[in-house]
>>> print(open('start17.txt').read())   # compact mmCIF, C-alpha atoms
# COMPACT_ATOMS: atom_id res chain seq x y z
CA GLY A 748 0.00 0.00 0.00
CA ALA A 749 0.90 3.65 -0.26
CA VAL A 750 3.27 5.07 2.33
CA VAL A 751 3.02 8.40 4.07
CA SER A 752 5.95 9.50 6.18
CA GLN A 753 5.89 12.12 8.90
CA HIS A 754 8.81 13.85 10.55
CA PRO A 755 9.68 14.43 13.31
CA SER A 756 7.93 11.71 15.29
CA ARG A 757 8.54 13.56 18.54
CA VAL A 758 9.43 17.14 19.27
CA ILE A 759 9.80 19.07 22.49
CA CYS A 760 10.03 22.83 22.31
CA LYS A 761 9.89 25.87 24.52
CA SER A 762 6.83 28.05 24.68
CA GLY A 763 6.91 30.79 22.05
CA THR A 764 8.93 28.89 19.47
CA SER A 765 7.66 27.56 16.15
CA VAL A 766 7.71 23.94 15.12
CA LYS A 767 7.50 22.50 11.61
CA ILE A 768 6.13 19.03 10.88
CA GLU A 769 6.64 17.46 7.47
CA CYS A 770 4.37 14.99 5.74
CA ARG A 771 5.59 13.18 2.63
CA SER A 772 3.91 10.74 0.30
CA LEU A 773 6.73 8.35 -0.54
CA ASP A 774 5.50 6.40 -3.52
CA PHE A 775 2.62 8.41 -4.87
CA GLN A 776 1.58 11.96 -5.57
CA ALA A 777 -0.93 13.64 -3.32
CA THR A 778 -2.66 16.78 -4.48
CA THR A 779 -4.58 16.76 -1.22
CA MET A 780 -3.43 15.96 2.29
CA PHE A 781 -5.32 16.18 5.54
CA TRP A 782 -4.00 17.27 8.92
CA TYR A 783 -5.55 15.86 12.07
CA ARG A 784 -4.99 16.52 15.72
CA GLN A 785 -5.61 13.96 18.45
CA PHE A 786 -5.85 14.42 22.20
CA PRO A 787 -5.26 11.47 24.56
CA LYS A 788 -8.03 8.91 24.32
CA LYS A 789 -9.95 11.12 21.92
CA SER A 790 -10.70 10.81 18.26
CA LEU A 791 -8.92 12.47 15.40
CA MET A 792 -10.06 16.01 14.82
CA LEU A 793 -9.67 17.32 11.29
CA MET A 794 -7.76 20.60 11.33
CA ALA A 795 -7.33 21.44 7.68
CA THR A 796 -7.12 20.21 4.13
CA SER A 797 -3.84 20.93 2.41
CA ASN A 798 -4.08 21.55 -1.32
CA GLU A 799 -1.10 21.51 -3.66
CA GLY A 800 -0.81 24.81 -5.47
CA SER A 801 -3.45 26.63 -3.47
CA LYS A 802 -4.31 27.72 0.04
CA ALA A 803 -5.25 25.24 2.71
CA THR A 804 -8.85 24.94 3.81
CA TYR A 805 -9.22 25.18 7.57
CA GLU A 806 -11.96 23.67 9.70
CA GLN A 807 -14.08 25.89 11.86
CA GLY A 808 -12.30 26.96 15.01
CA VAL A 809 -8.80 26.27 13.73
CA GLU A 810 -6.59 29.37 13.65
CA LYS A 811 -4.98 29.85 10.25
CA ASP A 812 -2.22 32.06 11.59
CA LYS A 813 -1.45 29.60 14.33
CA PHE A 814 -1.27 26.49 12.19
CA LEU A 815 0.41 27.36 8.91
CA ILE A 816 0.07 24.80 6.17
CA ASN A 817 2.12 24.73 2.99
CA HIS A 818 1.68 22.14 0.28
CA ALA A 819 4.97 22.76 -1.47
CA SER A 820 4.86 19.90 -3.95
CA LEU A 821 2.84 16.85 -4.91
CA THR A 822 4.69 14.83 -2.28
CA LEU A 823 5.17 17.26 0.60
CA SER A 824 2.91 19.15 2.96
CA THR A 825 4.13 20.95 6.06
CA LEU A 826 2.35 22.09 9.21
CA THR A 827 4.01 24.83 11.22
CA VAL A 828 2.76 25.49 14.73
CA THR A 829 3.69 29.11 15.30
CA SER A 830 4.44 30.60 18.71
CA ALA A 831 3.62 27.31 20.33
CA HIS A 832 2.10 27.19 23.80
CA PRO A 833 1.53 24.28 26.18
CA GLU A 834 -2.08 23.93 25.03
CA ASP A 835 -0.77 23.14 21.53
CA SER A 836 0.80 19.97 22.90
CA SER A 837 -0.88 17.13 21.06
CA PHE A 838 -0.48 14.32 18.55
CA TYR A 839 -0.57 15.63 14.97
CA ILE A 840 -1.21 13.22 12.14
CA CYS A 841 -1.25 13.79 8.40
CA SER A 842 -2.93 11.66 5.78
CA ALA A 843 -3.38 11.42 2.05
CA PRO A 844 -6.14 9.75 0.05
CA ASP A 845 -5.49 6.72 -2.12
CA ARG A 846 -4.09 7.31 -5.55
CA GLY A 847 -7.22 6.46 -7.41
CA GLY A 848 -9.29 8.66 -5.17
CA GLY A 849 -12.21 6.32 -5.52
CA SER A 850 -12.40 4.46 -2.26
CA GLY A 851 -11.67 7.36 0.03
CA GLU A 852 -9.19 5.26 1.97
CA LEU A 853 -6.68 7.41 3.78
CA PHE A 854 -3.04 6.55 4.27
CA PHE A 855 -1.77 8.00 7.52
CA GLY A 856 1.64 9.11 8.61
CA GLU A 857 3.13 7.81 11.83
CA GLY A 858 2.13 10.94 13.69
CA SER A 859 4.14 13.64 15.45
CA ARG A 860 3.99 14.09 19.21
CA LEU A 861 4.46 17.74 20.10
CA THR A 862 5.23 18.74 23.67
CA VAL A 863 5.45 22.44 24.45
CA LEU A 864 7.11 23.27 27.74
CA SER B 1287 -25.97 18.00 13.91
CA GLN B 1288 -23.95 15.16 12.45
CA LYS B 1289 -22.60 12.59 14.84
CA ILE B 1290 -20.56 9.42 14.69
CA GLU B 1291 -20.69 7.47 17.92
CA GLN B 1292 -18.72 4.50 19.09
CA ASN B 1293 -18.81 2.90 22.49
CA SER B 1294 -16.21 4.82 24.44
CA GLU B 1295 -15.92 2.10 27.05
CA ALA B 1296 -13.14 -0.39 26.49
CA LEU B 1297 -14.16 -3.85 25.35
CA ASN B 1298 -12.43 -6.69 27.17
CA ILE B 1299 -12.76 -10.20 25.80
CA GLN B 1300 -11.06 -13.56 26.11
CA GLU B 1301 -8.77 -14.85 23.40
CA GLY B 1302 -10.61 -16.94 20.85
CA LYS B 1303 -13.93 -15.15 21.28
CA THR B 1304 -15.55 -12.85 18.75
CA ALA B 1305 -15.27 -9.13 19.37
CA THR B 1306 -18.11 -6.92 18.14
CA LEU B 1307 -17.73 -3.16 17.95
CA THR B 1308 -20.52 -0.73 17.10
CA CYS B 1309 -20.57 2.49 15.12
CA ASN B 1310 -23.75 4.58 14.96
CA TYR B 1311 -24.23 7.73 12.97
CA THR B 1312 -26.88 10.45 12.72
CA ASN B 1313 -27.64 13.03 10.06
CA TYR B 1314 -25.36 11.42 7.52
CA SER B 1315 -26.10 9.69 4.26
CA PRO B 1316 -22.73 8.08 3.66
CA ALA B 1317 -21.90 6.39 0.41
CA TYR B 1318 -19.46 4.24 2.35
CA LEU B 1319 -18.05 3.70 5.80
CA GLN B 1320 -14.51 2.78 6.80
CA TRP B 1321 -12.85 1.07 9.75
CA TYR B 1322 -9.31 1.78 10.96
CA ARG B 1323 -7.05 0.33 13.59
CA GLN B 1324 -4.89 2.57 15.74
CA ASP B 1325 -2.15 1.41 18.08
CA PRO B 1326 -0.92 3.71 20.88
CA GLY B 1327 1.30 6.51 19.58
CA ARG B 1328 0.79 5.52 15.95
CA GLY B 1329 -1.28 6.75 13.04
CA PRO B 1330 -4.45 4.83 12.07
CA VAL B 1331 -4.23 1.98 9.59
CA PHE B 1332 -7.02 1.27 7.12
CA LEU B 1333 -8.78 -2.07 7.56
CA LEU B 1334 -12.01 -2.24 5.60
CA LEU B 1335 -14.40 -0.15 3.56
CA ILE B 1336 -18.05 -1.02 3.05
CA ARG B 1337 -20.34 0.72 0.57
CA GLU B 1338 -23.97 1.63 1.15
CA ASN B 1339 -25.18 -1.08 -1.20
CA GLU B 1340 -23.16 -3.76 0.58
CA LYS B 1341 -24.65 -5.48 3.60
CA GLU B 1342 -21.52 -7.27 4.66
CA LYS B 1343 -17.84 -7.42 3.88
CA ARG B 1344 -15.17 -9.82 5.05
CA LYS B 1345 -11.40 -9.81 5.17
CA GLU B 1346 -9.71 -12.76 6.85
CA ARG B 1347 -10.97 -12.73 10.47
CA LEU B 1348 -12.68 -9.36 10.06
CA LYS B 1349 -16.30 -8.80 9.15
CA VAL B 1350 -18.13 -5.51 8.74
CA THR B 1351 -21.85 -4.98 8.32
CA PHE B 1352 -23.59 -1.81 7.23
CA ASP B 1353 -27.25 -1.16 7.95
CA THR B 1354 -28.33 2.13 6.40
CA THR B 1355 -31.80 1.81 7.92
CA LEU B 1356 -30.46 1.52 11.45
CA LYS B 1357 -27.61 3.88 10.56
CA GLN B 1358 -25.19 1.48 12.08
CA SER B 1359 -22.10 -0.50 11.25
CA LEU B 1360 -20.85 -3.49 13.21
CA PHE B 1361 -17.21 -4.59 13.16
CA HIS B 1362 -16.46 -8.18 14.12
CA ILE B 1363 -13.14 -9.89 14.83
CA THR B 1364 -13.50 -13.64 15.02
CA ALA B 1365 -11.08 -15.93 16.86
CA SER B 1366 -9.62 -12.87 18.53
CA GLN B 1367 -5.96 -12.78 19.55
CA PRO B 1368 -4.05 -10.60 22.02
CA ALA B 1369 -2.40 -8.97 18.97
CA ASP B 1370 -5.83 -7.63 18.01
CA SER B 1371 -5.74 -5.37 21.07
CA ALA B 1372 -5.92 -1.80 19.78
CA THR B 1373 -8.33 1.08 19.28
CA TYR B 1374 -10.70 0.70 16.36
CA LEU B 1375 -12.12 3.77 14.63
CA CYS B 1376 -15.01 4.06 12.24
CA ALA B 1377 -15.07 6.91 9.76
CA LEU B 1378 -17.42 8.51 7.26
CA VAL B 1379 -16.89 10.93 4.43
CA ASP B 1380 -18.61 14.13 5.47
CA SER B 1381 -21.66 15.35 3.62
CA SER B 1382 -19.83 18.10 1.76
CA ASN B 1383 -18.22 15.27 -0.21
CA THR B 1384 -14.83 16.93 -0.33
CA GLY B 1385 -13.18 13.69 0.65
CA LYS B 1386 -12.75 14.65 4.28
CA LEU B 1387 -13.06 11.75 6.66
CA ILE B 1388 -14.77 12.30 9.99
CA PHE B 1389 -13.90 9.82 12.71
CA GLY B 1390 -15.74 8.35 15.64
CA GLN B 1391 -14.02 8.48 18.99
CA GLY B 1392 -12.91 4.89 18.75
CA THR B 1393 -13.38 1.80 20.90
CA THR B 1394 -10.43 0.21 22.63
CA LEU B 1395 -10.36 -3.57 22.44
CA GLN B 1396 -8.35 -5.62 24.90
CA VAL B 1397 -8.01 -9.33 24.17
CA LYS B 1398 -6.80 -11.31 27.14
CA PRO B 1399 -4.89 -14.57 26.74
>>> encode(input="start17.txt", output="structure tokens")
Amino acid sequence: GAVVSQHPSRVICKSGTSVKIECRSLDFQATTMFWYRQFPKKSLMLMATSNEGSKATYEQGVEKDKFLINHASLTLSTLTVTSAHPEDSSFYICSAPDRGGGSGELFFGEGSRLTVL
Amino acid sequence: SQKIEQNSEALNIQEGKTATLTCNYTNYSPAYLQWYRQDPGRGPVFLLLIRENEKEKRKERLKVTFDTTLKQSLFHITASQPADSATYLCALVDSSNTGKLIFGQGTTLQVKP
């Protein structure tokens, strides 16, 4: 199956700094990628849809200036958490739909655990 | 409002038994429904997809049913093994049909040897 890689898997940063998380589709092109956030023992919450060549579409309640998304190429999307604060600590997961786009199956990255001190 | 609900209580069963997990939804008319497995600290992994015109789908020890009248999907694992212990998530494409998947909160399954 298709592979989506996320990096870094874990990051610890100080409050006020910015953190960039990369999501790559390794063996297929992804014009669309999705970014999710997950709190402990909770479900995945869709944050935004990353679109190659255009602006990301954010879900209601998600701050665009806080969570910057750039879909630089057909194989790379990045999420930058700007001026991170402890409440931004969470598990961030990216995903991309299957190549054919027909089934709607999502291929997920391994996730990135962000801890803001 | 649209909802996807899974039993938030953990399901504990004995090895060899059949595990049954439930996913109920309201105010959706999904063309298909998906099930994922998630292990702690990892991203979800796709297991099965069932379309609205399919009543049942099987893959090895997994079986999924889809009842559009009851607005419910059941996920079964037969001959369960301790390695099946994980959180299982159901997901629907949202009604805007942009390809966004909306997830239930997941049910944690614990299979005891």
>>> interface_residues(input="start17.txt", of="chain A", to="chain B", cutoff="6 Å", atoms="all atoms listed in the file", output="ChimeraX atom specification")
/A:789-790,855-858
>>> atom_distance(input="start17.txt", atom1="CA of Lys1345 (chain B)", atom2="CA of Arg784 (chain A)")
29.1 Å
>>> residues_near_point(input="start17.txt", point="(-23.8, -4.5, 9.1)", cutoff="7 Å", atoms="all atoms listed in the file", output="ChimeraX atom specification")
/B:1341-1342,1350-1353,1358-1360
>>> residues_near_point(input="start17.txt", point="(-26.3, 12.2, 7.7)", cutoff="9 Å", atoms="all atoms listed in the file", output="PyMOL selection string")
chain B and resi 1287-1289+1311-1316+1357+1380-1381
>>> atom_distance(input="start17.txt", atom1="CA of Phe781 (chain A)", atom2="CA of Phe1361 (chain B)")
25.1 Å
>>> axis_aligned_box(input="start17.txt", around="region 1323-1326 of chain B", padding_each_side="4 Å", output="AutoDock Vina command-line options")
--center_x -4.0 --center_y 2.0 --center_z 17.2 --size_x 14.1 --size_y 11.4 --size_z 15.3
>>> atom_distance(input="start17.txt", atom1="CA of Gln776 (chain A)", atom2="CA of Gly808 (chain A)")
29.0 Å
>>> closest_residue(input="start17.txt", among="B:Leu1395, B:Ile1290, B:Ala1296, B:Cys1309", to="Asp1370 (chain B)", atoms="only C-alpha atoms")
B:Leu1395
>>> residues_around(input="start17.txt", residues="region 748-754 of chain A", least_positions_apart="2", cutoff="10 Å", atoms="all atoms listed in the file", output="ChimeraX atom specification")
/A:756-758,767-777,822-825,839-846,853-860 /B:1329
>>> residues_around(input="start17.txt", residues="Pro833 (chain A)", least_positions_apart="2", cutoff="10 Å", atoms="all atoms listed in the file", output="list in words")
Cys760, Lys761, Ser762, Gly763, Ala831, Asp835, Ser836, Ser837, Leu861, Thr862, Val863 and Leu864 of chain A
